[in-house]
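Have a look at my_file29.cif; it's mmCIF, C-alpha atoms:
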```cif
data_start
loop_
_atom_site.label_atom_id
_atom_site.label_comp_id
_atom_site.auth_asym_id
_atom_site.auth_seq_id
_atom_site.Cartn_x
_atom_site.Cartn_y
_atom_site.Cartn_z
CA MET A 9 -89.07 11.61 -34.91
CA ALA A 10 -87.85 13.19 -38.11
CA THR A 11 -88.74 11.03 -41.10
CA ALA A 12 -86.47 9.76 -43.84
CA THR A 13 -87.92 12.40 -46.17
CA SER A 14 -87.19 15.24 -43.74
CA ASN A 15 -83.43 14.88 -43.50
CA GLY A 16 -83.12 18.60 -44.16
CA ARG A 17 -84.14 19.21 -40.56
CA HIS A 18 -81.69 20.41 -37.94
CA ILE A 19 -80.41 17.57 -35.72
CA VAL A 20 -78.30 18.40 -32.67
CA VAL A 21 -75.97 15.83 -31.09
CA VAL A 22 -74.92 16.43 -27.48
CA GLY A 23 -71.53 14.94 -26.58
CA GLY A 24 -68.21 14.87 -28.40
CA GLY A 25 -67.02 11.39 -27.51
CA ILE A 26 -66.97 8.34 -29.75
CA ILE A 27 -70.75 7.80 -29.59
CA GLY A 28 -71.66 11.44 -30.22
CA CYS A 29 -69.10 11.89 -33.00
CA SER A 30 -70.19 8.62 -34.62
CA THR A 31 -73.80 9.79 -34.48
CA ALA A 32 -72.97 13.12 -36.13
CA TYR A 33 -70.95 11.31 -38.80
CA HIS A 34 -73.76 8.86 -39.56
CA LEU A 35 -76.38 11.61 -39.64
CA LEU A 36 -74.37 13.40 -42.29
CA THR A 37 -73.72 10.28 -44.36
CA ALA A 38 -77.46 9.47 -44.10
CA GLY A 39 -78.24 12.77 -45.78
CA ALA A 40 -79.08 15.06 -42.86
CA LYS A 41 -78.48 18.60 -44.14
CA LYS A 42 -77.80 20.37 -40.84
CA VAL A 43 -76.02 18.63 -37.99
CA THR A 44 -74.61 20.45 -34.96
CA LEU A 45 -72.44 18.64 -32.41
CA LEU A 46 -72.23 20.27 -28.98
CA GLU A 47 -69.39 19.45 -26.58
CA ALA A 48 -69.11 20.94 -23.09
CA GLY A 49 -65.31 20.83 -23.22
CA LYS A 50 -63.10 19.72 -26.09
CA ALA A 51 -64.27 16.99 -28.45
CA GLY A 52 -62.59 13.65 -27.80
CA LYS A 53 -60.89 14.84 -24.61
CA ALA A 54 -63.12 13.20 -22.00
CA THR A 55 -63.78 9.48 -21.46
CA THR A 56 -63.12 8.40 -25.05
CA GLY A 57 -59.75 10.12 -24.99
CA ALA A 58 -58.83 7.99 -21.97
CA GLY A 59 -60.04 4.79 -23.61
CA ALA A 60 -57.94 1.68 -24.11
CA GLY A 61 -58.90 1.46 -27.78
CA PHE A 62 -59.46 -2.26 -28.25
CA VAL A 63 -62.39 -3.64 -30.23
CA SER A 64 -63.57 -7.23 -30.39
CA HIS A 65 -66.54 -9.63 -30.36
CA TRP A 66 -67.44 -9.15 -26.69
CA SER A 67 -70.79 -10.92 -27.07
CA ALA A 68 -68.73 -14.11 -27.22
CA GLY A 69 -68.65 -14.97 -23.52
CA MET A 70 -67.66 -11.53 -22.19
CA ILE A 71 -70.60 -9.08 -22.24
CA PRO A 72 -74.20 -10.39 -22.37
CA LEU A 73 -75.37 -8.44 -25.44
CA GLY A 74 -76.43 -11.35 -27.62
CA GLU A 75 -76.72 -11.32 -31.39
CA GLU A 76 -77.64 -7.63 -31.47
CA GLY A 77 -74.46 -6.74 -29.61
CA ALA A 78 -72.42 -8.97 -31.90
CA LYS A 79 -73.73 -7.02 -34.90
CA LEU A 80 -72.73 -3.74 -33.27
CA GLN A 81 -69.29 -5.18 -32.53
CA GLN A 82 -68.76 -6.31 -36.09
CA TYR A 83 -69.86 -2.92 -37.31
CA GLY A 84 -67.25 -1.30 -35.05
CA LEU A 85 -64.52 -3.55 -36.44
CA ASP A 86 -65.52 -2.63 -39.99
CA PHE A 87 -65.83 1.07 -39.16
CA TYR A 88 -62.30 1.43 -37.77
CA ARG A 89 -60.90 -0.45 -40.73
CA MET A 90 -62.64 2.10 -42.94
CA LEU A 91 -61.10 4.95 -40.92
CA HIS A 92 -57.67 3.35 -41.23
CA GLU A 93 -58.08 3.05 -44.98
CA LEU A 94 -58.64 6.80 -45.25
CA GLY A 95 -54.88 7.04 -44.85
CA THR A 96 -54.40 9.00 -41.61
CA GLU A 97 -52.64 7.28 -38.69
CA ILE A 98 -55.11 6.05 -36.06
CA GLY A 99 -52.87 3.45 -34.41
CA TYR A 100 -54.78 0.67 -36.15
CA ARG A 101 -53.51 -2.80 -35.20
CA PRO A 102 -55.41 -5.85 -36.60
CA ASN A 103 -53.66 -8.11 -34.10
CA GLY A 104 -56.50 -9.94 -32.39
CA THR A 105 -57.64 -10.25 -28.79
CA LEU A 106 -56.47 -12.82 -26.23
CA ILE A 107 -58.71 -13.79 -23.30
CA MET A 108 -56.05 -15.29 -21.03
CA ALA A 109 -56.26 -17.56 -17.97
CA LEU A 110 -53.56 -18.02 -15.34
CA THR A 111 -55.02 -21.19 -13.83
CA GLU A 112 -57.28 -24.10 -14.72
CA GLN A 113 -60.06 -22.49 -12.70
CA GLY A 114 -59.56 -19.26 -14.64
CA ARG A 115 -59.89 -21.25 -17.83
CA ASP A 116 -63.20 -22.75 -16.65
CA ASP A 117 -64.54 -19.37 -15.49
CA PHE A 118 -63.41 -17.05 -18.26
CA VAL A 119 -61.94 -18.85 -21.28
CA MET A 120 -64.41 -21.68 -21.84
CA PRO A 121 -67.45 -19.34 -21.99
CA VAL A 122 -65.69 -17.51 -24.82
CA LEU A 123 -64.75 -20.67 -26.72
CA ASN A 124 -68.24 -22.15 -26.29
CA SER A 125 -70.22 -19.01 -27.08
CA PRO A 126 -72.61 -19.15 -30.05
CA HIS A 127 -71.39 -15.64 -30.87
CA ALA A 128 -67.72 -16.65 -31.13
CA PRO A 129 -66.32 -16.31 -34.67
CA LYS A 130 -65.43 -19.66 -36.20
CA GLU A 131 -61.78 -18.59 -36.31
CA MET A 132 -61.56 -18.39 -32.49
CA GLN A 133 -58.51 -20.37 -31.30
CA ASP A 134 -57.87 -22.33 -28.10
CA LEU A 135 -54.23 -21.66 -27.13
CA ASN A 136 -52.08 -23.41 -24.53
CA ALA A 137 -49.38 -21.64 -22.53
CA ALA A 138 -46.59 -22.36 -25.01
CA GLN A 139 -48.67 -21.06 -27.91
CA ILE A 140 -49.46 -17.91 -25.93
CA GLY A 141 -45.77 -17.37 -25.25
CA GLU A 142 -44.97 -17.71 -28.93
CA LYS A 143 -47.77 -15.41 -30.08
CA MET A 144 -47.01 -12.72 -27.49
CA GLY A 145 -43.35 -12.40 -28.48
CA GLY A 146 -41.91 -11.96 -24.99
CA LEU A 147 -44.72 -9.85 -23.55
CA VAL A 148 -46.03 -12.85 -21.58
CA ASP A 149 -44.06 -15.41 -19.57
CA PRO A 150 -45.66 -18.72 -20.64
CA ALA A 151 -44.61 -20.34 -17.36
CA ARG A 152 -47.05 -18.02 -15.56
CA VAL A 153 -50.16 -18.68 -17.62
CA HIS A 154 -52.47 -21.59 -18.35
CA SER A 155 -54.35 -21.05 -21.62
CA GLY A 156 -56.45 -18.61 -23.58
CA ALA A 157 -59.03 -17.93 -26.26
CA TYR A 158 -57.61 -15.94 -29.17
CA ASN A 159 -59.90 -14.01 -31.51
CA PRO A 160 -57.87 -13.06 -34.60
CA HIS A 161 -60.49 -10.46 -35.59
CA GLY A 162 -59.87 -8.15 -32.61
CA ILE A 163 -58.21 -4.81 -33.30
CA GLN A 164 -56.57 -1.92 -31.45
CA VAL A 165 -56.79 1.79 -32.24
CA ASP A 166 -55.60 5.00 -30.64
CA THR A 167 -58.81 6.65 -29.45
CA THR A 168 -57.58 10.24 -29.72
CA LEU A 169 -56.25 9.75 -33.25
CA SER A 170 -59.45 7.96 -34.30
CA LEU A 171 -61.68 10.75 -32.96
CA GLY A 172 -59.52 13.26 -34.80
CA VAL A 173 -60.22 11.54 -38.11
CA ILE A 174 -63.97 11.32 -37.41
CA LEU A 175 -64.06 15.03 -36.54
CA LYS A 176 -62.33 15.85 -39.82
CA GLU A 177 -64.94 13.77 -41.66
CA ILE A 178 -67.75 15.62 -39.87
CA ASP A 179 -66.24 18.90 -41.00
CA ARG A 180 -65.74 17.62 -44.56
CA LEU A 181 -69.36 16.50 -44.73
CA GLY A 182 -70.62 19.91 -43.60
CA GLY A 183 -71.34 19.31 -39.92
CA GLU A 184 -70.71 21.94 -37.26
CA VAL A 185 -68.83 21.23 -34.02
CA ARG A 186 -69.28 23.69 -31.16
CA GLU A 187 -66.84 23.10 -28.31
CA ASP A 188 -67.00 24.71 -24.87
CA THR A 189 -70.79 24.70 -25.17
CA ARG A 190 -72.49 23.11 -22.19
CA VAL A 191 -76.14 22.08 -22.49
CA LEU A 192 -78.04 23.36 -19.47
CA SER A 193 -81.50 22.03 -20.29
CA ILE A 194 -83.61 20.52 -23.08
CA LYS A 195 -87.30 21.15 -23.71
CA ASP A 196 -89.20 19.07 -26.24
CA GLU A 197 -92.31 21.02 -27.19
CA GLY A 198 -93.62 18.64 -29.83
CA GLY A 199 -92.57 20.09 -33.14
CA LYS A 200 -89.33 21.67 -31.92
CA VAL A 201 -86.68 21.03 -29.28
CA THR A 202 -85.08 23.96 -27.48
CA LEU A 203 -81.66 23.55 -25.92
CA GLU A 204 -80.48 26.13 -23.42
CA THR A 205 -76.68 26.23 -23.56
CA SER A 206 -73.86 28.18 -21.95
CA ASN A 207 -73.64 30.07 -25.26
CA GLY A 208 -77.32 30.77 -25.73
CA PRO A 209 -80.40 28.85 -26.93
CA ILE A 210 -80.46 26.51 -29.92
CA GLU A 211 -83.59 25.27 -31.68
CA ALA A 212 -83.60 21.85 -33.32
CA ASP A 213 -85.98 19.39 -34.91
CA GLY A 214 -84.36 16.39 -33.24
CA VAL A 215 -81.70 15.77 -30.59
CA VAL A 216 -79.43 12.84 -29.76
CA VAL A 217 -78.01 12.97 -26.25
CA ALA A 218 -74.72 11.03 -26.12
CA ALA A 219 -72.98 12.72 -23.21
CA GLY A 220 -71.82 9.66 -21.27
CA ALA A 221 -71.42 10.40 -17.56
CA TRP A 222 -73.31 13.68 -18.08
CA ASN A 223 -76.40 12.13 -19.70
CA ASN A 224 -78.62 12.33 -16.64
CA GLU A 225 -77.65 15.93 -15.94
CA ILE A 226 -78.91 16.82 -19.43
CA LEU A 227 -82.02 14.62 -19.29
CA ALA A 228 -83.22 16.00 -15.94
CA GLY A 229 -85.46 18.60 -17.56
CA LEU A 230 -87.19 15.88 -19.58
CA GLY A 231 -88.16 13.98 -16.44
CA TRP A 232 -86.06 10.90 -17.12
CA LYS A 233 -83.05 9.30 -15.48
CA LEU A 234 -80.97 6.40 -16.76
CA PRO A 235 -79.75 3.83 -14.20
CA MET A 236 -76.01 4.37 -14.69
CA LEU A 237 -73.13 3.77 -12.30
CA ARG A 238 -70.38 6.30 -13.06
CA VAL A 239 -66.90 4.93 -12.45
CA VAL A 240 -63.46 6.55 -12.54
CA ALA A 241 -61.27 4.24 -14.64
CA THR A 242 -57.50 4.66 -14.92
CA ARG A 243 -55.14 3.69 -17.73
CA VAL A 244 -51.34 3.86 -17.56
CA VAL A 245 -48.83 3.99 -20.42
CA THR A 246 -45.22 2.98 -19.72
CA ASP A 247 -42.10 4.33 -21.31
CA ASN A 248 -41.12 2.73 -24.62
CA ARG A 249 -40.37 -0.96 -24.01
CA GLY A 250 -39.43 -1.73 -27.61
CA LEU A 251 -42.50 -3.90 -28.20
CA PRO A 252 -43.48 -4.78 -31.77
CA SER A 253 -46.75 -3.45 -33.17
CA THR A 254 -47.99 -6.99 -33.88
CA LEU A 255 -49.14 -8.06 -30.40
CA PRO A 256 -52.76 -8.88 -29.50
CA THR A 257 -54.63 -7.10 -26.74
CA ILE A 258 -54.83 -9.15 -23.54
CA GLN A 259 -57.80 -9.53 -21.20
CA CYS A 260 -57.11 -11.44 -17.98
CA ARG A 261 -60.08 -11.44 -15.66
CA GLU A 262 -58.22 -13.21 -12.86
CA LEU A 263 -56.10 -10.07 -12.64
CA ARG A 264 -59.02 -7.78 -13.53
CA LEU A 265 -56.59 -6.64 -16.21
CA TRP A 266 -56.52 -5.36 -19.76
CA LEU A 267 -53.15 -4.78 -21.39
CA ARG A 268 -51.92 -3.84 -24.87
CA GLU A 269 -48.97 -2.51 -26.85
CA THR A 270 -49.14 1.10 -28.01
CA PHE A 271 -46.35 2.58 -30.13
CA GLY A 272 -43.76 0.36 -28.42
CA ALA A 273 -45.00 0.97 -24.88
CA VAL A 274 -47.38 -0.99 -22.63
CA MET A 275 -50.83 0.42 -21.84
CA TRP A 276 -52.74 -1.24 -19.01
CA GLY A 277 -55.44 -0.88 -16.39
CA THR A 278 -57.05 -3.03 -13.71
CA GLY A 279 -60.68 -3.11 -12.65
CA SER A 280 -59.61 -3.52 -9.02
CA HIS A 281 -58.77 0.18 -9.09
CA TYR A 282 -61.83 1.38 -10.94
CA THR A 283 -63.75 3.42 -8.37
CA PRO A 284 -67.43 4.42 -8.51
CA LEU A 285 -67.95 8.16 -8.09
CA HIS A 286 -70.46 7.67 -5.29
CA ARG A 287 -67.70 6.14 -3.14
CA MET A 288 -65.68 9.29 -3.70
CA GLN A 289 -68.58 11.41 -2.42
CA GLN A 290 -68.91 13.03 -5.83
CA SER A 291 -72.05 13.72 -7.82
CA GLU A 292 -71.24 16.87 -9.77
CA ILE A 293 -68.44 16.38 -12.28
CA GLU A 294 -66.88 18.91 -14.60
CA PRO A 295 -66.56 18.21 -18.34
CA GLY A 296 -63.39 16.40 -19.37
CA GLN A 297 -61.25 13.84 -17.57
CA PRO A 298 -60.72 13.34 -13.83
CA HIS A 299 -57.16 13.65 -12.59
CA ASN A 300 -56.99 11.69 -9.35
CA ASP A 301 -53.30 10.89 -9.02
CA GLY A 302 -53.94 8.95 -5.81
CA LEU A 303 -56.00 6.35 -7.72
CA MET A 304 -53.34 6.11 -10.40
CA GLN A 305 -50.48 5.72 -7.97
CA SER A 306 -52.24 3.12 -5.86
CA MET A 307 -52.97 1.07 -8.98
CA VAL A 308 -49.30 1.10 -9.98
CA ASP A 309 -48.00 0.50 -6.45
CA GLU A 310 -50.37 -2.36 -5.66
CA GLN A 311 -50.42 -4.13 -9.04
CA MET A 312 -47.02 -3.72 -10.65
CA GLU A 313 -45.07 -6.30 -8.64
CA ARG A 314 -47.44 -9.13 -9.56
CA LEU A 315 -47.84 -7.97 -13.15
CA GLN A 316 -44.09 -7.93 -13.69
CA THR A 317 -43.94 -11.67 -13.05
CA VAL A 318 -46.45 -12.36 -15.84
CA PHE A 319 -45.37 -9.58 -18.22
CA PRO A 320 -41.56 -9.28 -18.20
CA PRO A 321 -41.42 -6.02 -20.24
CA LEU A 322 -42.99 -4.25 -17.26
CA GLN A 323 -39.85 -4.93 -15.22
CA GLY A 324 -37.98 -1.65 -14.83
CA SER A 325 -40.69 0.30 -16.64
CA LYS A 326 -41.71 3.83 -15.71
CA VAL A 327 -45.05 5.59 -16.03
CA SER A 328 -44.83 7.79 -19.11
CA SER A 329 -48.43 9.03 -19.08
CA TRP A 330 -51.78 8.22 -17.58
CA ALA A 331 -55.40 9.21 -18.07
CA GLN A 332 -58.76 8.69 -16.43
CA GLY A 333 -62.26 8.55 -17.85
CA ILE A 334 -65.74 7.94 -16.47
CA PRO A 335 -67.37 4.92 -18.12
CA CYS A 336 -70.98 4.24 -17.13
CA TYR A 337 -72.18 0.78 -16.12
CA THR A 338 -75.77 -0.43 -16.13
CA PRO A 339 -77.56 -2.94 -13.88
CA ASP A 340 -77.76 -5.60 -16.60
CA VAL A 341 -74.45 -4.61 -18.27
CA GLY A 342 -76.52 -3.63 -21.30
CA LEU A 343 -76.48 -0.60 -23.60
CA PHE A 344 -79.11 2.12 -23.92
CA VAL A 345 -80.30 3.62 -27.20
CA GLY A 346 -83.77 4.90 -27.99
CA PRO A 347 -86.28 7.72 -27.56
CA VAL A 348 -86.47 9.35 -24.14
CA PRO A 349 -89.84 8.22 -22.73
CA GLY A 350 -92.37 11.03 -23.03
CA SER A 351 -90.34 12.89 -25.63
CA GLU A 352 -91.03 12.57 -29.34
CA ASN A 353 -87.85 14.17 -30.67
CA VAL A 354 -85.05 13.28 -28.25
CA VAL A 355 -83.00 10.07 -28.45
CA VAL A 356 -80.49 9.10 -25.77
CA VAL A 357 -77.51 6.76 -26.07
CA GLY A 358 -75.50 5.55 -23.09
CA GLY A 359 -74.50 2.78 -20.71
CA ASP A 360 -71.21 1.98 -22.42
CA ASN A 361 -70.12 -0.50 -19.71
CA GLU A 362 -66.51 0.30 -20.64
CA SER A 363 -67.13 -0.81 -24.22
CA GLY A 364 -67.94 2.52 -25.84
CA VAL A 365 -65.07 2.40 -28.32
CA THR A 366 -66.28 -0.98 -29.62
CA HIS A 367 -69.98 -0.15 -29.74
CA GLY A 368 -69.77 3.59 -30.44
CA PRO A 369 -69.81 3.39 -34.26
CA GLY A 370 -72.78 1.01 -34.31
CA LEU A 371 -74.66 2.95 -31.63
CA GLY A 372 -74.09 6.12 -33.63
CA ARG A 373 -75.59 4.51 -36.70
CA LEU A 374 -78.51 3.08 -34.71
CA ALA A 375 -79.23 6.43 -33.01
CA THR A 376 -79.22 8.04 -36.47
CA GLU A 377 -81.73 5.51 -37.79
CA ILE A 378 -83.98 6.06 -34.78
CA VAL A 379 -83.95 9.88 -34.88
CA LEU A 380 -84.46 9.90 -38.68
CA ASP A 381 -87.01 7.06 -38.45
CA THR A 382 -85.33 4.90 -41.09
CA GLU A 383 -84.80 1.13 -41.17
CA ARG A 384 -82.74 -0.12 -38.20
CA PHE A 385 -79.73 -2.26 -39.09
CA VAL A 386 -79.93 -3.85 -35.63
CA ASP A 387 -83.11 -4.50 -33.65
CA PRO A 388 -82.82 -1.99 -30.76
CA THR A 389 -85.43 -3.65 -28.52
CA ARG A 390 -82.96 -5.13 -26.02
CA PHE A 391 -81.34 -1.69 -25.67
CA ARG A 392 -84.57 0.24 -25.11
CA VAL A 393 -84.41 3.07 -22.60
CA ASP A 394 -87.63 2.20 -20.77
CA ARG A 395 -86.62 -1.34 -19.79
CA TYR A 396 -86.13 0.23 -16.34
CA GLN A 397 -88.52 2.65 -14.70
CA ARG A 398 -87.23 6.16 -14.10
CA ASP A 399 -87.02 5.60 -10.33
CA ALA A 400 -86.00 1.93 -10.37
CA PHE A 401 -82.88 2.73 -8.31
CA ALA A 402 -82.69 5.32 -5.56
CA SER A 403 -78.93 5.75 -5.86
CA GLU A 404 -75.83 4.70 -7.77
CA ALA A 405 -74.90 2.54 -4.78
CA GLU A 406 -78.08 0.53 -5.40
CA ILE A 407 -77.14 0.15 -9.07
CA GLU A 408 -73.74 -1.20 -8.06
CA ASP A 409 -75.31 -3.64 -5.62
CA SER A 410 -77.65 -4.94 -8.32
CA MET A 411 -74.96 -5.60 -10.92
CA PRO A 412 -74.07 -9.19 -11.82
CA ALA A 413 -71.00 -10.60 -10.11
CA TRP A 414 -67.67 -10.34 -11.90
CA SER A 415 -66.96 -13.99 -11.11
CA ALA A 416 -70.01 -16.20 -10.68
CA ARG A 417 -67.93 -18.88 -8.92
CA HIS A 418 -66.89 -16.51 -6.14
CA GLY A 419 -69.72 -13.99 -6.22
CA ALA A 420 -67.09 -11.27 -6.51
CA ARG A 421 -68.34 -7.71 -6.84
CA ARG A 422 -67.43 -5.95 -10.03
CA PHE A 423 -65.17 -3.35 -8.45
CA ALA A 424 -62.76 -4.99 -6.07
CA SER A 425 -62.13 -1.88 -4.01
CA ALA A 426 -65.49 -2.60 -2.43
CA ALA A 427 -65.62 -5.24 0.27
CA GLU A 428 -66.11 -8.64 -1.32
#
```
What is this structure when it is put down as structure tokens?
Amino acid sequence: MATATSNGRHIVVVGGGIIGCSTAYHLLTAGAKKVTLLEAGKAGKATTGAGAGFVSHWSAGMIPLGEEGAKLQQYGLDFYRMLHELGTEIGYRPNGTLIMALTEQGRDDFVMPVLNSPHAPKEMQDLNAAQIGEKMGGLVDPARVHSGAYNPHGIQVDTTLSLGVILKEIDRLGGEVREDTRVLSIKDEGGKVTLETSNGPIEADGVVVAAGAWNNEILAGLGWKLPMLRVVATRVVTDNRGLPSTLPTIQCRELRLWLRETFGAVMWGTGSHYTPLHRMQQSEIEPGQPHNDGLMQSMVDEQMERLQTVFPPLQGSKVSSWAQGIPCYTPDVGLFVGPVPGSENVVVVGGDNESGVTHGPGLGRLATEIVLDTERFVDPTRFRVDRYQRDAFASEAEIEDSMPAWSARHGARRFASAAE
């Protein structure tokens, strides 16, 4: 790894999503003199651009990332506030996050673990149905819900606008962004790393691979493979429903739902229509976003009627826009960041588990500290790349089968389009 005294070396970042852009930004602010960001398509236009844009303390009863994850989450909250304070619109909403239950059983399964978590902020609130109705200002029918855990520290951002500001900062700090440059292979020959790209070879002193669903394609030449389940996730934005910009984001695991206000409209998605690529008989994927209108339409057709009873503003709504990304899930629902085993100068970051927008800023900082060999602000041990052997899983189907159940009470598989 490059040392803290060798920040003049050339560091290449592969991937122009939130993790890659955050890494490039942190490299530059750490004093790296030459940073090149490579993106196979257009920066910010793949999975991050299709992101929901909510950030919260997910270690509190939602994602098993412990204290280390909580530190990354807090860093993300602070980072987006900093971006907002630069003065350019990023859709920043410091409105909190509501983990909502429809039934008493839902409260036991999904709300109480949040309220009782040692990683819950002390300001976490236990809300009854009436309090939810009041806080949600007409977005939720209180007669249809039971209770919820409200974290007032949660925020919402527009992912495309946020990436735009980060890219401007990279440019201001002297970084170079090369779009439409696909990395074909990487060779780490000890002192130097050679990247073969669609626009010719590039030589670097260190590389951070943060290419999301394309990570394993890039790592193949280094003899390593991350256990990642690639999933097509769909988000829908309605026409303007006149909603105020003061509403919290909602997570309702009984509905497999996330839902939020965005510039007066409703943005939502349901995990029951997130579909692993291996079920679609796909392995090769082009840079950018999928555009499977069948998945989108089935989500709307099969979910809208029930959702309208809980969320009255959805009644009479129309689909204004929709987008799909490819988040990557891991067997233990944990993140990856660290050196590629057997390679001295290549760091890989991945396994977002649909939380890349939250963890991206902190992962970018941590990847920077690892590749520059400076003090780590979070202990990366639990996120180490070699916690699984290269061939631990023969297929993505095996990764899916190994993942923890979405609901421990029912043993429900994580993606409901599979037989449960």
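Here the question is which of A:Lys195, A:Arg261, A:Arg115, A:Arg186 gets nearest to Ala157 (chain A) using all atoms listed in the file, and that residue is A:Arg115.
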On this file, the PyMOL selection byres ((chain A and resi 96) around 12) gives some set of residues; write that set as a PDB file with C-alpha atoms, in the coordinates of the input.
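Output file selection_27.pdb follows:
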```pdb
ATOM      1  CA  TYR A  88     -62.300   1.430 -37.770  1.00  0.00           C
ATOM      2  CA  ARG A  89     -60.900  -0.450 -40.730  1.00  0.00           C
ATOM      3  CA  MET A  90     -62.640   2.100 -42.940  1.00  0.00           C
ATOM      4  CA  LEU A  91     -61.100   4.950 -40.920  1.00  0.00           C
ATOM      5  CA  HIS A  92     -57.670   3.350 -41.230  1.00  0.00           C
ATOM      6  CA  GLU A  93     -58.080   3.050 -44.980  1.00  0.00           C
ATOM      7  CA  LEU A  94     -58.640   6.800 -45.250  1.00  0.00           C
ATOM      8  CA  GLY A  95     -54.880   7.040 -44.850  1.00  0.00           C
ATOM      9  CA  GLU A  97     -52.640   7.280 -38.690  1.00  0.00           C
ATOM     10  CA  ILE A  98     -55.110   6.050 -36.060  1.00  0.00           C
ATOM     11  CA  GLY A  99     -52.870   3.450 -34.410  1.00  0.00           C
ATOM     12  CA  TYR A 100     -54.780   0.670 -36.150  1.00  0.00           C
ATOM     13  CA  ASP A 166     -55.600   5.000 -30.640  1.00  0.00           C
ATOM     14  CA  LEU A 169     -56.250   9.750 -33.250  1.00  0.00           C
ATOM     15  CA  SER A 170     -59.450   7.960 -34.300  1.00  0.00           C
ATOM     16  CA  LEU A 171     -61.680  10.750 -32.960  1.00  0.00           C
ATOM     17  CA  GLY A 172     -59.520  13.260 -34.800  1.00  0.00           C
ATOM     18  CA  VAL A 173     -60.220  11.540 -38.110  1.00  0.00           C
ATOM     19  CA  ILE A 174     -63.970  11.320 -37.410  1.00  0.00           C
ATOM     20  CA  LYS A 176     -62.330  15.850 -39.820  1.00  0.00           C
ATOM     21  CA  GLU A 177     -64.940  13.770 -41.660  1.00  0.00           C
TER      22      GLU A 177
END
```
Query raised in the report: Applied to the shown file, which residues does the PyMOL selection byres ((chain A and resi 164) around 6) return, written as a PyMOL selection string?
Result: chain A and resi 61-62+100-101+163+165
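Distance check against Cys336 (chain A) using only C-alpha atoms: of A:His299, A:Arg264, A:Arg422, A:Arg238, the minimum falls on A:Arg238.
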Residues returned when the PyMOL selection byres ((chain A and resi 385) around 10) runs on this file, as a compact mmCIF listing (two decimals) with C-alpha atoms, in the frame of the given file:
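So the final result, stored in part_23.txt, reads:
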```
# COMPACT_ATOMS: atom_id res chain seq x y z
CA GLU A 76 -77.64 -7.63 -31.47
CA LYS A 79 -73.73 -7.02 -34.90
CA LEU A 80 -72.73 -3.74 -33.27
CA GLY A 370 -72.78 1.01 -34.31
CA ARG A 373 -75.59 4.51 -36.70
CA LEU A 374 -78.51 3.08 -34.71
CA GLU A 377 -81.73 5.51 -37.79
CA THR A 382 -85.33 4.90 -41.09
CA GLU A 383 -84.80 1.13 -41.17
CA ARG A 384 -82.74 -0.12 -38.20
CA VAL A 386 -79.93 -3.85 -35.63
CA ASP A 387 -83.11 -4.50 -33.65
CA PRO A 388 -82.82 -1.99 -30.76
```
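Minimum atom-to-atom distance to Gly296 (chain A), evaluated using all atoms listed in the file, belongs to A:Thr55 out of A:Thr55, A:Ser30, A:Ser125, A:Asn136.
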Query raised in the report: Excluding same-chain residues fewer than 2 positions from Leu106 (chain A), what lies within 10 Å of it counting only C-alpha atoms, as an MDAnalysis selection string?
Result: chainID A and resid 64 103:104 108:109 119 132:135 140 143:144 155:160 162 255:260 266:267
Write the residues of the preceding selection, restricted to C-alpha atoms, as a short mmCIF file (atom, residue, chain, number, x, y, z; two decimals), in the frame of the given file.
```cif
data_model
loop_
_atom_site.label_atom_id
_atom_site.label_comp_id
_atom_site.auth_asym_id
_atom_site.auth_seq_id
_atom_site.Cartn_x
_atom_site.Cartn_y
_atom_site.Cartn_z
CA SER A 64 -63.57 -7.23 -30.39
CA ASN A 103 -53.66 -8.11 -34.10
CA GLY A 104 -56.50 -9.94 -32.39
CA MET A 108 -56.05 -15.29 -21.03
CA ALA A 109 -56.26 -17.56 -17.97
CA VAL A 119 -61.94 -18.85 -21.28
CA MET A 132 -61.56 -18.39 -32.49
CA GLN A 133 -58.51 -20.37 -31.30
CA ASP A 134 -57.87 -22.33 -28.10
CA LEU A 135 -54.23 -21.66 -27.13
CA ILE A 140 -49.46 -17.91 -25.93
CA LYS A 143 -47.77 -15.41 -30.08
CA MET A 144 -47.01 -12.72 -27.49
CA SER A 155 -54.35 -21.05 -21.62
CA GLY A 156 -56.45 -18.61 -23.58
CA ALA A 157 -59.03 -17.93 -26.26
CA TYR A 158 -57.61 -15.94 -29.17
CA ASN A 159 -59.90 -14.01 -31.51
CA PRO A 160 -57.87 -13.06 -34.60
CA GLY A 162 -59.87 -8.15 -32.61
CA LEU A 255 -49.14 -8.06 -30.40
CA PRO A 256 -52.76 -8.88 -29.50
CA THR A 257 -54.63 -7.10 -26.74
CA ILE A 258 -54.83 -9.15 -23.54
CA GLN A 259 -57.80 -9.53 -21.20
CA CYS A 260 -57.11 -11.44 -17.98
CA TRP A 266 -56.52 -5.36 -19.76
CA LEU A 267 -53.15 -4.78 -21.39
#
```
Report task. Grab the CA of Leu35 (chain A) to CA of Glu187 (chain A) distance for me, in Å with one decimal place. Result -> 18.7 Å
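Nearest residue to Gln82 (chain A) among A:Lys130, A:Asn223, A:Ile194, A:Pro369 is A:Pro369, counting only C-alpha atoms.
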**Report entry** Option closest in space to Pro150 (chain A), from A:Pro102, A:Gly25, A:Pro72, A:Pro320 [counting all atoms listed in the file]
**Finding:** A:Pro320
